[in-house]
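Trainee: What follows is the file structure.txt, containing compact mmCIF, C-alpha atoms and all ligand atoms:
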# COMPACT_ATOMS: atom_id res chain seq x y z
CA MET K 287 0.00 0.00 0.00
CA GLU K 288 1.57 3.25 -1.16
CA ASN K 289 0.14 5.65 1.36
CA PHE K 290 -2.79 6.20 3.68
CA HIS K 291 -4.96 7.90 1.03
CA GLU K 292 -4.47 4.92 -1.26
CA LEU K 293 -5.51 2.66 1.60
CA LEU K 294 -8.76 4.61 1.99
CA LEU K 295 -9.45 4.75 -1.75
CA THR K 296 -9.24 0.98 -2.05
CA ARG K 297 -11.11 0.01 1.14
CA HIS K 298 -14.51 -1.55 0.68
CA SER K 299 -16.58 -4.02 2.65
CA ILE K 300 -15.68 -7.55 1.65
CA ARG K 301 -18.30 -10.19 2.39
CA LYS K 302 -16.88 -13.22 0.56
CA TYR K 303 -13.76 -15.01 1.75
CA THR K 304 -11.62 -17.92 0.59
CA ASP K 305 -10.94 -20.90 2.87
CA GLU K 306 -7.35 -19.78 3.45
CA PRO K 307 -6.68 -19.20 7.14
CA VAL K 308 -5.43 -15.82 8.36
CA SER K 309 -1.95 -16.08 9.90
CA GLY K 310 -1.44 -15.62 13.61
CA GLU K 311 0.84 -12.64 12.93
CA ASP K 312 -1.88 -10.90 10.94
CA VAL K 313 -4.49 -11.58 13.62
CA LYS K 314 -2.10 -10.12 16.21
CA LEU K 315 -1.55 -6.96 14.12
CA ILE K 316 -5.30 -6.50 13.66
CA LEU K 317 -5.99 -6.88 17.38
CA GLU K 318 -3.15 -4.48 18.19
CA ALA K 319 -4.84 -1.89 15.96
CA GLY K 320 -7.94 -2.20 18.16
CA LEU K 321 -5.92 -2.08 21.36
CA MET K 322 -4.22 1.15 20.23
CA ALA K 323 -7.52 2.88 19.42
CA PRO K 324 -8.20 6.24 21.01
CA SER K 325 -11.01 6.23 23.57
CA SER K 326 -12.90 8.87 25.52
CA LYS K 327 -10.93 9.88 28.64
CA ARG K 328 -8.53 7.06 27.74
CA LYS K 329 -10.85 4.60 29.45
CA THR K 330 -10.00 1.81 26.92
CA PRO K 331 -13.34 0.18 27.76
CA TRP K 332 -13.40 -2.33 24.89
CA HIS K 333 -12.91 -6.09 24.93
CA PHE K 334 -12.66 -8.10 21.73
CA VAL K 335 -13.90 -11.67 21.42
CA VAL K 336 -12.08 -13.53 18.64
CA VAL K 337 -14.08 -16.37 17.14
CA GLU K 338 -12.45 -18.83 14.72
CA ASP K 339 -14.43 -22.00 15.35
CA LYS K 340 -16.42 -22.79 12.18
CA ALA K 341 -19.46 -24.15 14.02
CA MET K 342 -19.61 -21.05 16.23
CA LEU K 343 -19.19 -18.76 13.20
CA ALA K 344 -22.09 -20.53 11.50
CA GLN K 345 -24.21 -20.12 14.62
CA LEU K 346 -23.28 -16.45 14.99
CA SER K 347 -24.26 -15.75 11.38
CA GLN K 348 -27.83 -16.64 12.38
CA CYS K 349 -28.01 -14.00 15.13
CA ARG K 350 -30.03 -11.57 13.00
CA ASP K 351 -32.97 -11.75 10.61
CA ALA K 352 -30.60 -10.80 7.77
CA GLY K 353 -27.26 -9.14 7.15
CA ALA K 354 -24.94 -11.33 9.27
CA GLY K 355 -24.22 -13.91 6.55
CA PRO K 356 -20.54 -12.95 6.04
CA ILE K 357 -19.73 -14.21 9.55
CA ALA K 358 -20.28 -17.81 8.41
CA ASN K 359 -17.51 -17.92 5.80
CA SER K 360 -15.05 -15.56 7.50
CA ALA K 361 -11.71 -16.96 8.65
CA LEU K 362 -12.31 -15.21 11.93
CA THR K 363 -14.75 -12.72 13.37
CA ILE K 364 -14.00 -10.23 16.12
CA ILE K 365 -16.93 -9.29 18.33
CA VAL K 366 -16.46 -5.74 19.58
CA THR K 367 -17.85 -5.30 23.08
CA VAL K 368 -17.52 -2.21 25.27
CA ASP K 369 -18.00 -1.73 29.00
CA MET K 370 -21.06 0.54 29.22
CA THR K 371 -20.46 1.17 32.93
CA ARG K 372 -17.01 2.65 32.22
CA SER K 373 -17.84 4.96 29.33
CA GLU K 374 -20.85 7.02 28.34
CA ALA K 375 -19.19 7.20 24.91
CA TRP K 376 -19.03 3.42 24.55
CA VAL K 377 -20.52 3.34 21.05
CA GLU K 378 -17.94 5.83 19.80
CA ASP K 379 -15.09 4.05 21.59
CA GLY K 380 -16.05 0.69 20.12
CA SER K 381 -16.65 2.11 16.64
CA ILE K 382 -13.21 3.66 16.43
CA ALA K 383 -11.52 0.43 17.54
CA ALA K 384 -13.59 -1.55 15.02
CA VAL K 385 -12.70 0.73 12.11
CA LEU K 386 -9.00 0.73 12.98
CA MET K 387 -9.04 -3.07 12.94
CA GLN K 388 -10.77 -2.97 9.54
CA LEU K 389 -8.16 -0.61 8.15
CA GLN K 390 -5.32 -2.75 9.52
CA ALA K 391 -6.91 -5.82 7.92
CA HIS K 392 -7.16 -3.97 4.61
CA ALA K 393 -3.53 -2.81 4.86
CA LEU K 394 -2.58 -6.49 5.20
CA GLY K 395 -4.49 -7.27 1.99
CA LEU K 396 -7.36 -8.92 3.88
CA GLY K 397 -11.07 -8.27 3.49
CA SER K 398 -13.42 -7.31 6.30
CA CYS K 399 -16.98 -6.25 6.95
CA TRP K 400 -18.73 -4.54 9.85
CA ILE K 401 -21.78 -6.55 10.90
CA GLN K 402 -24.09 -4.55 13.14
CA LEU K 403 -25.14 -6.34 16.33
CA ARG K 404 -26.42 -3.42 18.46
CA ASN K 405 -30.10 -2.56 17.90
CA ARG K 406 -30.67 -5.56 15.65
CA SER K 407 -32.94 -8.54 16.21
CA LEU K 408 -33.85 -12.06 15.27
CA GLY K 409 -37.62 -12.08 15.33
CA GLU K 410 -38.61 -10.71 18.72
CA GLU K 411 -35.23 -11.42 20.32
CA ALA K 412 -32.45 -8.82 20.52
CA THR K 413 -29.31 -9.84 18.63
CA GLU K 414 -27.21 -8.57 21.55
CA ASP K 415 -28.91 -11.05 23.93
CA ILE K 416 -28.37 -13.93 21.50
CA VAL K 417 -24.67 -13.14 21.05
CA ARG K 418 -24.20 -12.48 24.77
CA GLU K 419 -25.52 -15.92 25.62
CA MET K 420 -23.55 -17.71 22.87
CA LEU K 421 -20.21 -16.18 23.88
CA GLU K 422 -20.86 -15.76 27.63
CA ILE K 423 -20.33 -11.99 27.48
CA PRO K 424 -21.00 -10.16 30.80
CA GLU K 425 -24.13 -8.00 31.15
CA THR K 426 -22.08 -4.81 31.60
CA MET K 427 -20.62 -5.11 28.11
CA GLY K 428 -22.43 -3.43 25.24
CA ILE K 429 -22.28 -5.59 22.13
CA LEU K 430 -21.62 -3.31 19.19
CA CYS K 431 -20.59 -5.18 16.08
CA ALA K 432 -18.84 -8.15 14.56
CA ILE K 433 -15.84 -7.52 12.31
CA THR K 434 -15.51 -10.38 9.84
CA ILE K 435 -12.06 -11.01 8.41
CA GLY K 436 -10.65 -13.28 5.75
CA HIS K 437 -8.76 -13.52 2.48
CA LYS K 438 -10.81 -11.79 -0.22
CA ASP K 439 -12.93 -13.85 -2.57
CA GLU K 440 -14.45 -10.84 -4.36
CA GLU K 441 -13.06 -7.76 -6.08
CA ARG K 442 -14.34 -4.27 -5.32
CA LYS K 443 -13.61 -1.18 -7.42
CA PRO K 444 -11.69 1.60 -5.66
CA PHE K 445 -13.47 4.87 -4.91
CA ASP K 446 -13.58 7.25 -7.86
CA GLU K 447 -11.99 10.55 -6.80
CA GLU K 448 -14.11 12.28 -9.48
CA LYS K 449 -17.25 11.24 -7.56
CA MET K 450 -16.15 12.42 -4.12
CA MET K 451 -19.24 13.84 -2.34
CA TRP K 452 -17.90 17.33 -1.81
CA GLU K 453 -21.47 18.65 -1.45
CA LYS K 454 -21.39 17.17 2.06
CA VAL K 455 -18.65 19.55 3.10
CA HIS K 456 -19.72 22.98 4.35
CA ILE K 457 -17.13 25.66 4.78
CA ALA K 458 -17.52 27.99 7.77
CA LYS K 459 -21.36 27.64 7.88
CA TRP K 460 -23.87 24.98 6.73
C1 LIG K 501 -22.50 1.04 11.42
C2 LIG K 501 -22.40 0.08 10.27
C3 LIG K 501 -23.20 -1.03 10.23
C4 LIG K 501 -23.09 -1.97 9.19
N1 LIG K 501 -23.81 -3.11 9.24
C5 LIG K 501 -23.63 -4.04 8.28
C6 LIG K 501 -24.27 -5.30 8.40
O1 LIG K 501 -24.95 -5.59 9.38
N2 LIG K 501 -24.10 -6.20 7.40
C7 LIG K 501 -23.31 -5.92 6.30
O2 LIG K 501 -23.17 -6.80 5.43
N3 LIG K 501 -22.67 -4.73 6.18
C8 LIG K 501 -22.80 -3.81 7.15
N4 LIG K 501 -22.11 -2.62 7.09
C9 LIG K 501 -21.26 -2.32 5.92
C10 LIG K 501 -21.95 -1.26 5.05
O3 LIG K 501 -23.03 -1.85 4.37
C11 LIG K 501 -20.91 -0.67 4.08
O4 LIG K 501 -19.87 -0.06 4.80
C12 LIG K 501 -21.55 0.36 3.15
O5 LIG K 501 -22.48 -0.25 2.30
C13 LIG K 501 -20.49 1.08 2.29
O6 LIG K 501 -19.79 0.12 1.51
P1 LIG K 501 -18.22 -0.02 1.61
O7 LIG K 501 -17.85 -0.35 3.03
O8 LIG K 501 -17.90 -1.16 0.67
O9 LIG K 501 -17.59 1.27 1.18
C14 LIG K 501 -22.19 -1.71 8.12
C15 LIG K 501 -21.38 -0.57 8.15
C16 LIG K 501 -21.46 0.30 9.22
C17 LIG K 501 -20.53 1.50 9.27
Take the structure in this file and express it as structure tokens.
Ligand SMILES: Cc1cc2nc3c(=O)[nH]c(=O)nc-3n(C[C@H](O)[C@H](O)[C@H](O)COP(=O)(O)O)c2cc1C
Mentor:
Amino acid sequence: MENFHELLLTRHSIRKYTDEPVSGEDVKLILEAGLMAPSSKRKTPWHFVVVEDKAMLAQLSQCRDAGAGPIANSALTIIVTVDMTRSEAWVEDGSIAAVLMQLQAHALGLGSCWIQLRNRSLGEEATEDIVREMLEIPETMGILCAITIGHKDEERKPFDEEKMMWEKVHIAKW
């Protein structure tokens, strides 16, 4: 990867993965990216649950009515949980850690996708409750998202700089 802008231009959600395992060194680098994430008041309230077991990944992919499919064929999935009793900004803290892990995965040539777990459901049941029970996550931990990771089995076109949404930028006033 040439530089950080190039990294951003070529990042896209990847939902299809090959069967190739992700190396331990790469998993370590990805987790380190999360562990170095900035957090409100430097509370570092996140905990990451790394799931590699195929049967558990298949089970986790059924935790929502739709949209969690990529978990099933990922090489690993990291569940981002954040201690809600330690930070009123737990959603922000967890989101930043999740995105940094995605960018590190991309920089390593791996694909990843954010799968929303917070405020999602399977029928009448909250996805958070389902995942909490499956992975024995304490009640104090908010369950934000799953970051699926694996070797890419799909190609995505880079962003087109010509189509950058500059209309969303307001200078000085709205
Ligand atoms: C907060 C958030 C929730 C998301 N939830 C899901 C999800 O549950 N399932 C999924 O397949 N993708 C999910 N995504 C990925 C988005 O669909 C994706 O980022 C968006 O379509 C833009 O595409 P890109 O990432 O390829 O640029 C989520 C992304 C974010 C930031």
Trainee: Using all atoms listed in the file, pick whichever of K:Leu386, K:Leu294, K:Ile300, K:Met342 has the shortest atom-to-atom distance to K:Asp446.
Mentor: K:Leu294
Trainee: Which polymer residues have any atom within 10 Å of an atom of stretch 415-426 of chain K, counting all atoms listed in the file, with same-chain residues fewer than 2 positions away left out, as a PyMOL selection string?
Mentor: chain K and resi 333+335+337+342+345-346+348-350+365+367-372+403-404+407-408+411-413+428-429
Trainee: Could you tell me how far atom CA of K:Asp351 lies from atom CA of K:Val366, in Å and to one decimal?
Mentor: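 Taking atom CA of K:Asp351 as the start and atom CA of K:Val366 as the end point, the length is 19.7 Å.
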Trainee: Would you please work out which residue, of K:Cys399, K:Met387, K:Ile357, K:Leu362, is nearest to ligand LIG 501 (chain K) when using all atoms listed in the file?
Mentor: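 Closest to ligand LIG 501 (chain K) of all the choices is K:Cys399.
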Trainee: Pick out the residues no farther than 6 Å from ligand LIG 501 (chain K), counting all atoms listed in the file, and list them as a ChimeraX atom specification.
Mentor: /K:298-299,353-354,399-402
Trainee: Using all atoms listed in the file, determine which residues lie at most 8 Å from K:Asp312, disregarding the query and same-chain residues fewer than 4 positions distant; provide the list as a list of chain:residue names.
Mentor: K:Val308, K:Ile316, K:Ala391, K:Leu394
Trainee: Would you mind reading off the distance between atom CA of K:Lys443 and atom CA of K:Glu292, one decimal, in Å?
Mentor: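 Computing the Euclidean distance for atom CA of K:Lys443 and atom CA of K:Glu292 yields 12.6 Å.
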Trainee: I'd like to know which of K:Ala341, K:Ala384, K:Val377, K:Ala358 is closest to K:Met322, using all atoms listed in the file.
Mentor: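 Using all atoms listed in the file, the shortest distance to K:Met322 belongs to K:Ala384.
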Trainee: Rounded to one decimal place, report the atom CA of K:Ser326-atom CA of K:Phe290 distance in Å.
Mentor: 24.2 Å
Trainee: With distances taken over only C-alpha atoms, which of K:Val336, K:Met427, K:Ala344, K:Val455 is nearest to K:Val313?
Mentor: K:Val336
Trainee: Using all atoms listed in the file, pick whichever of K:Gly436, K:Gly320, K:Pro444, K:Gly409 has the shortest atom-to-atom distance to K:Tyr303.
Mentor: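 Residue with the minimum atom-to-atom distance to K:Tyr303: K:Gly436.
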Trainee: For each of K:Pro324, K:His437, K:Ile457, K:Glu311, take the minimum atom-to-atom distance to K:His392, counting only C-alpha atoms, then give the residue where this is smallest.
Mentor: K:His437
Trainee: Would you place a box with edges along x, y and z of the file around all atoms of stretch 425-432 of chain K listed there, add 6 Å to each of its six sides, and report the centre and edge lengths in Å to one decimal, as JSON?
Mentor:
{"center_x": -21.5, "center_y": -5.7, "center_z": 23.1, "size_x": 17.3, "size_y": 16.8, "size_z": 29.0}
